[in-house]
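J.: The structure follows.
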Amino acid sequence: MFDDFCDAEHPEHYLGTGLRSEEEAVLLRELDRALAVAEDQAPGDSDAEILRVEGWGGDVVAVAGRPAQVMVANDLGEILALDEARGAAEA
């Protein structure tokens, strides 16, 4: 996600383009820190080694869940607002 979507160390640069809120940026920064810890614990640089780090299954996945929830909720809120605006314009 970070390679294709944004720089997780400085996600505030993506507010308004890829991120909808400061909360999303804060949560992505937290995820970046959790990923950095996992990467530091991995004996090598491969994805397979990072995925086997003890904290991956609990820490990283748990931290990743929060921005995912917030981003989906924000996207759904935006879709609903667009639908409401379209309905009001048609009325």
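Just remember, in the structure tokens the first chain shown is A, the second B, etc., residues are 1-based per chain, and ligands are 1-based in the order shown.
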Return as CSV the residues of segment 46-70 of chain A lying at most 6 Å from segment 22-33 of chain A, together with the closest atom-to-atom pair for each and the distance in Å to one decimal, counting only C-alpha atoms, with rows in chain order and ascending residue number.
T.:
residue,atom,partner,partner_atom,distance
A:Val63,CA,A:Leu31,CA,5.8
A:Ala64,CA,A:Leu31,CA,5.9
A:Pro67,CA,A:Leu27,CA,5.4
J.: Can I get the selection written as an mmCIF file, in the first residue's frame, with N, CA and C atoms?
T.:
data_model
loop_
_atom_site.group_PDB
_atom_site.id
_atom_site.type_symbol
_atom_site.label_atom_id
_atom_site.label_comp_id
_atom_site.auth_asym_id
_atom_site.auth_seq_id
_atom_site.Cartn_x
_atom_site.Cartn_y
_atom_site.Cartn_z
ATOM 1 N N VAL A 63 -2.830 -3.180 14.139
ATOM 2 C CA VAL A 63 -2.634 -1.761 13.831
ATOM 3 C C VAL A 63 -3.148 -1.449 12.420
ATOM 4 N N ALA A 64 -2.977 -2.363 11.487
ATOM 5 C CA ALA A 64 -3.435 -2.148 10.110
ATOM 6 C C ALA A 64 -4.952 -2.130 10.007
ATOM 7 N N PRO A 67 -6.698 1.786 10.399
ATOM 8 C CA PRO A 67 -6.810 2.692 9.246
ATOM 9 C C PRO A 67 -7.703 2.114 8.153
#
J.: Rank A:Ala85, A:Leu51, A:Leu19, A:Val37 by their smallest atom-to-atom distance to Met71 of chain A, using only C-alpha atoms, and report the top residue only.
T.: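 Counting only C-alpha atoms, the residue closest to Met71 of chain A is A:Leu19.
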J.: To test your reading of the structure, identify every residue in segment 15-53 of chain A that backbone DSSP assigns to alpha helix (DSSP H), and report it as a PyMOL selection string.
T.: chain A and resi 22-41+47-51
J.: Restrict the selected residues to N, CA and C atoms and save them as a tab-separated table (two decimals), in the first residue's frame.
T.:
chain	number	residue	atom	x	y	z
A	22	GLU	N	-7.12	13.87	8.63
A	22	GLU	CA	-5.91	13.83	9.47
A	22	GLU	C	-5.87	12.51	10.24
A	23	GLU	N	-7.02	12.01	10.64
A	23	GLU	CA	-7.07	10.73	11.36
A	23	GLU	C	-6.46	9.61	10.52
A	24	GLU	N	-6.76	9.59	9.24
A	24	GLU	CA	-6.18	8.58	8.36
A	24	GLU	C	-4.66	8.71	8.33
A	25	ALA	N	-4.16	9.94	8.25
A	25	ALA	CA	-2.72	10.17	8.22
A	25	ALA	C	-2.07	9.70	9.52
A	26	VAL	N	-2.67	10.01	10.65
A	26	VAL	CA	-2.13	9.59	11.95
A	26	VAL	C	-2.08	8.06	12.02
A	27	LEU	N	-3.15	7.42	11.60
A	27	LEU	CA	-3.21	5.96	11.66
A	27	LEU	C	-2.20	5.30	10.72
A	28	LEU	N	-1.97	5.91	9.57
A	28	LEU	CA	-0.96	5.36	8.66
A	28	LEU	C	0.44	5.54	9.22
A	29	ARG	N	0.68	6.64	9.93
A	29	ARG	CA	1.98	6.82	10.60
A	29	ARG	C	2.19	5.73	11.65
A	30	GLU	N	1.13	5.41	12.41
A	30	GLU	CA	1.22	4.34	13.41
A	30	GLU	C	1.50	2.99	12.75
A	31	LEU	N	0.87	2.74	11.62
A	31	LEU	CA	1.12	1.50	10.89
A	31	LEU	C	2.55	1.45	10.39
A	32	ASP	N	3.06	2.57	9.92
A	32	ASP	CA	4.45	2.63	9.47
A	32	ASP	C	5.40	2.25	10.60
A	33	ARG	N	5.12	2.75	11.80
A	33	ARG	CA	5.97	2.41	12.95
A	33	ARG	C	5.90	0.92	13.27
A	34	ALA	N	4.70	0.34	13.22
A	34	ALA	CA	4.56	-1.09	13.49
A	34	ALA	C	5.29	-1.92	12.44
A	35	LEU	N	5.20	-1.50	11.19
A	35	LEU	CA	5.92	-2.20	10.12
A	35	LEU	C	7.43	-2.08	10.30
A	36	ALA	N	7.90	-0.92	10.72
A	36	ALA	CA	9.32	-0.72	10.93
A	36	ALA	C	9.85	-1.65	12.03
A	37	VAL	N	9.07	-1.83	13.09
A	37	VAL	CA	9.47	-2.75	14.17
A	37	VAL	C	9.57	-4.16	13.62
A	38	ALA	N	8.58	-4.58	12.84
A	38	ALA	CA	8.61	-5.93	12.26
A	38	ALA	C	9.79	-6.10	11.32
A	39	GLU	N	10.05	-5.09	10.51
A	39	GLU	CA	11.20	-5.16	9.60
A	39	GLU	C	12.51	-5.25	10.36
A	40	ASP	N	12.62	-4.52	11.46
A	40	ASP	CA	13.85	-4.55	12.26
A	40	ASP	C	14.07	-5.91	12.91
A	41	GLN	N	12.98	-6.63	13.19
A	41	GLN	CA	13.09	-7.93	13.83
A	41	GLN	C	13.37	-9.05	12.83
A	47	ASP	N	10.00	-10.29	2.15
A	47	ASP	CA	8.63	-10.24	2.69
A	47	ASP	C	8.33	-11.48	3.51
A	48	ALA	N	8.78	-12.63	3.04
A	48	ALA	CA	8.52	-13.89	3.75
A	48	ALA	C	9.10	-13.84	5.16
A	49	GLU	N	10.29	-13.30	5.32
A	49	GLU	CA	10.91	-13.21	6.64
A	49	GLU	C	10.16	-12.21	7.54
A	50	ILE	N	9.74	-11.12	6.98
A	50	ILE	CA	9.00	-10.13	7.76
A	50	ILE	C	7.66	-10.71	8.22
A	51	LEU	N	7.01	-11.47	7.35
A	51	LEU	CA	5.72	-12.07	7.72
A	51	LEU	C	5.85	-13.12	8.82
J.: Figure out the distance between atom CA of Ala89 of chain A and atom CA of Asn74 of chain A, please, to one decimal in Å.
T.: 22.6 Å
J.: Tell me, in Å to one decimal, how far atom CA of Val60 of chain A is from atom CA of Ala8 of chain A.
T.: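 Straight-line distance from atom CA of Val60 of chain A to atom CA of Ala8 of chain A works out to 14.0 Å.
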J.: Between A:Gly65, A:Asp45, A:Pro11, A:Ser21, which one has atoms that come closest to Glu78 of chain A, using only C-alpha atoms?
T.: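 Nearest candidate to Glu78 of chain A out of A:Gly65, A:Asp45, A:Pro11, A:Ser21: A:Ser21.
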